[in-house]
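Novice: Got a structure for you, upload19.pdb, holding PDB, C-alpha atoms.
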MODEL        1
ATOM      1  CA  MET Y   1     -10.129  17.791  67.625
ATOM      2  CA  ILE Y   2      -7.884  14.904  68.567
ATOM      3  CA  VAL Y   3      -4.751  13.441  67.003
ATOM      4  CA  ARG Y   4      -5.124   9.995  65.411
ATOM      5  CA  THR Y   5      -2.493   7.780  63.814
ATOM      6  CA  ARG Y   6      -2.127   5.563  60.769
ATOM      7  CA  ILE Y   7       0.895   3.646  62.110
ATOM      8  CA  PHE Y   8      -1.110   0.506  62.858
ATOM      9  CA  GLU Y   9      -2.116   0.208  59.205
ATOM     10  CA  LEU Y  10       1.418   1.059  58.076
ATOM     11  CA  SER Y  11       3.033  -1.455  60.434
ATOM     12  CA  ASN Y  12       1.366  -4.463  58.791
ATOM     13  CA  GLY Y  13       4.169  -6.386  57.147
ATOM     14  CA  LYS Y  14       6.947  -4.248  58.624
ATOM     15  CA  TYR Y  15       6.446  -5.055  62.312
ATOM     16  CA  PRO Y  16       4.807  -8.448  62.952
ATOM     17  CA  ASN Y  17       3.456  -7.571  66.407
ATOM     18  CA  LEU Y  18       3.065  -4.761  68.935
ATOM     19  CA  SER Y  19       6.274  -5.763  70.719
ATOM     20  CA  GLU Y  20       8.352  -5.220  67.585
ATOM     21  CA  LEU Y  21       6.581  -1.940  66.872
ATOM     22  CA  ALA Y  22       7.142  -0.748  70.448
ATOM     23  CA  ARG Y  23      10.825  -1.674  70.264
ATOM     24  CA  ALA Y  24      11.241   0.260  67.002
ATOM     25  CA  MET Y  25       9.446   3.278  68.493
ATOM     26  CA  GLY Y  26      11.333   3.132  71.792
ATOM     27  CA  ILE Y  27       8.163   3.079  73.905
ATOM     28  CA  SER Y  28       6.309   0.449  75.917
ATOM     29  CA  VAL Y  29       3.983  -2.153  74.441
ATOM     30  CA  SER Y  30       1.282  -1.012  76.864
ATOM     31  CA  GLN Y  31       1.444   2.546  75.502
ATOM     32  CA  ILE Y  32       1.112   1.251  71.928
ATOM     33  CA  TYR Y  33      -1.815  -0.948  72.949
ATOM     34  CA  ARG Y  34      -3.600   1.856  74.810
ATOM     35  CA  VAL Y  35      -3.256   4.280  71.915
ATOM     36  CA  ARG Y  36      -4.564   1.625  69.529
ATOM     37  CA  GLU Y  37      -7.536   0.931  71.803
ATOM     38  CA  GLY Y  38      -8.232   4.639  72.274
ATOM     39  CA  THR Y  39      -7.723   4.642  76.044
ATOM     40  CA  ARG Y  40      -4.610   6.812  75.828
ATOM     41  CA  SER Y  41      -4.024   9.895  73.747
ATOM     42  CA  ILE Y  42      -1.049  10.402  71.487
ATOM     43  CA  ASN Y  43       1.743  12.350  73.160
ATOM     44  CA  GLN Y  44       5.092  13.761  72.077
ATOM     45  CA  GLY Y  45       6.975  10.536  72.868
ATOM     46  CA  PHE Y  46       4.584   8.537  70.702
ATOM     47  CA  ILE Y  47       5.010  10.964  67.806
ATOM     48  CA  VAL Y  48       8.810  10.907  68.072
ATOM     49  CA  GLY Y  49       8.734   7.103  68.233
ATOM     50  CA  ALA Y  50       6.521   6.859  65.162
ATOM     51  CA  ILE Y  51       8.908   9.073  63.207
ATOM     52  CA  ARG Y  52      11.788   6.842  64.351
ATOM     53  CA  ALA Y  53       9.982   3.634  63.335
ATOM     54  CA  PHE Y  54       8.678   5.003  60.012
ATOM     55  CA  PRO Y  55      11.354   7.400  58.708
ATOM     56  CA  GLN Y  56      10.162   7.022  55.124
ATOM     57  CA  TYR Y  57       6.802   8.671  55.928
ATOM     58  CA  ARG Y  58       5.987  12.344  56.467
ATOM     59  CA  LEU Y  59       4.339  13.481  59.687
ATOM     60  CA  ASP Y  60       1.020  14.096  57.928
ATOM     61  CA  GLU Y  61       1.121  10.516  56.609
ATOM     62  CA  LEU Y  62       1.557   9.145  60.134
ATOM     63  CA  PHE Y  63      -0.955  11.367  61.945
ATOM     64  CA  TYR Y  64      -4.167  13.278  61.283
ATOM     65  CA  LEU Y  65      -6.728  15.301  63.206
ATOM     66  CA  ALA Y  66     -10.175  13.878  63.882
ATOM     67  CA  VAL Y  67     -13.313  15.211  65.483
ATOM     68  CA  GLU Y  68     -13.593  14.047  69.063
ATOM     69  CA  PRO Y  69     -16.696  11.863  69.597
ATOM     70  CA  GLY Y  70     -19.496  13.778  71.292
ATOM     71  CA  SER Y  71     -17.885  17.156  70.662
ATOM     72  CA  GLY Y  72     -20.886  18.511  68.779
ATOM     73  CA  GLU Y  73     -18.805  19.342  65.699
ATOM     74  CA  SER Y  74     -20.600  19.576  62.367
ATOM     75  CA  GLY Y  75     -21.284  16.444  60.316
ATOM     76  CA  LYS Y  76     -19.053  17.763  57.545
ATOM     77  CA  GLU Y  77     -16.035  17.772  59.851
ATOM     78  CA  THR Y  78     -16.969  14.347  61.212
ATOM     79  CA  GLN Y  79     -17.095  12.964  57.683
ATOM     80  CA  ALA Y  80     -13.685  14.426  56.895
ATOM     81  CA  ALA Y  81     -12.273  12.874  60.053
ATOM     82  CA  THR Y  82     -13.550   9.403  59.188
ATOM     83  CA  ASN Y  83     -11.928   9.609  55.760
ATOM     84  CA  PRO Y  84      -8.655  11.403  56.538
ATOM     85  CA  GLU Y  85      -6.380  12.503  53.746
ATOM     86  CA  PRO Y  86      -2.770  13.592  54.185
ATOM     87  CA  ALA Y  87      -2.407  17.336  54.462
ATOM     88  CA  SER Y  88       0.569  17.458  52.134
ATOM     89  CA  THR Y  89      -0.328  20.929  50.902
ATOM     90  CA  ARG Y  90      -0.402  22.425  54.386
ATOM     91  CA  VAL Y  91       3.091  23.504  55.308
ATOM     92  CA  ALA Y  92       3.755  25.722  58.301
ATOM     93  CA  PRO Y  93       6.214  28.528  57.681
ATOM     94  CA  ALA Y  94       9.610  28.247  59.355
ATOM     95  CA  GLY Y  95       9.500  29.680  62.847
ATOM     96  CA  ASP Y  96       5.729  29.266  63.164
ATOM     97  CA  LYS Y  97       5.204  28.811  66.887
ATOM     98  CA  TYR Y  98       2.062  26.735  66.257
ATOM     99  CA  ALA Y  99       3.621  24.364  63.723
ATOM    100  CA  CYS Y 100       4.134  21.589  66.267
ATOM    101  CA  GLY Y 101       1.194  22.252  68.588
ATOM    102  CA  VAL Y 102      -0.069  18.713  69.118
TER     103      VAL Y 102
ENDMDL
END
If you took the structure in this file and wrote it as structure tokens, what would it be?
Specialist:
Amino acid sequence: MIVRTRIFELSNGKYPNLSELARAMGISVSQIYRVREGTRSINQGFIVGAIRAFPQYRLDELFYLAVEPGSGESGKETQAATNPEPASTRVAPAGDKYACGV
């Protein structure tokens, strides 16, 4: 499974270009571009920046898990990954050491 983001869809209208989005997130334009193109994975700095740029959204609205291409996962999981829904009902208990394992 890999972490994917919805920030590029959410940024339409709020941030007119990647430079403005990068400035709001506090990261480089090249990192934004590489994540968008799929040549770089999402890291902690990207997640923190997305939360900074989109404070009105929950974490599960900004990010979701998807099946990694070629991983051999079942078609059911692949279908769920191509049509991601926010996991608003999944809440990790306080102190759960795996709650932030990205």
Novice: I need the residue nearest Y:Ile32 from this list: Y:Leu59, Y:Ile51, Y:Val67, Y:Ile7. Use all atoms listed in the file for the distance.
Specialist: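 Counting all atoms listed in the file, the residue closest to Y:Ile32 is Y:Ile7.
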Novice: Write out as a list in words which residues come within 10 Å of Y:Ser28 when counting all atoms listed in the file, dropping same-chain ones fewer than 6 positions away.
Specialist: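 What passes the distance filter is Leu18, Ser19, Leu21, Ala22 and Phe46 of chain Y.
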Novice: Which one of Y:Ala53, Y:Val35, Y:Val48, Y:Ala66 sits closest to Y:Leu10 if you count only C-alpha atoms?
Specialist: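 Nearest candidate to Y:Leu10 out of Y:Ala53, Y:Val35, Y:Val48, Y:Ala66: Y:Ala53.
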Novice: Would you please work out which residue, of Y:Thr39, Y:Ser11, Y:Gln44, Y:Thr5, is nearest to Y:Leu62 when using only C-alpha atoms?
Specialist: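 Closest residue, counting only C-alpha atoms: Y:Thr5.
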Novice: Rank Y:Ser30, Y:Tyr64, Y:Phe54, Y:Gly72 by their smallest atom-to-atom distance to Y:Tyr15, using only C-alpha atoms, and report the top residue only.
Specialist: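 So, comparing all the options, the nearest one is Y:Phe54.
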Novice: Select, from Y:Met1, Y:Leu65, Y:Ala50, Y:Ile42, the residue with the minimum atom-to-atom distance to Y:Met25, counting all atoms listed in the file.
Specialist: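 Looking at the shortest contact to Y:Met25, the residue is Y:Ala50.
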Novice: What does the distance from atom CA of Y:Gln56 to atom CA of Y:Tyr33 come to in Å, to one decimal?
Specialist: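 We find that atom CA of Y:Gln56 and atom CA of Y:Tyr33 lie 22.9 Å from each other.
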Novice: Expressed in Å to a single decimal, how great is the separation between atom CA of Y:Glu68 and atom CA of Y:Val3?
Specialist: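 These atoms are spaced 9.1 Å apart.
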Novice: Find the distance between atom CA of Y:Phe63 and atom CA of Y:Glu20 and write it in Å to one decimal.
Specialist: 19.8 Å
Novice: For each of Y:Pro55, Y:Gly26, Y:Gly38, Y:Gly45, take the minimum atom-to-atom distance to Y:Pro69, counting all atoms listed in the file, then give the residue where this is smallest.
Specialist: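 Distance minimum relative to Y:Pro69 lands on Y:Gly38.
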Novice: Quick one: what's the axis-aligned box for stretch 67-72 of chain Y, all listed atoms, 3 Å on every side, centre and edges in Å to one decimal, as AutoDock Vina command-line options?
Specialist:
--center_x -17.1 --center_y 15.2 --center_z 68.4 --size_x 13.6 --size_y 12.6 --size_z 11.8
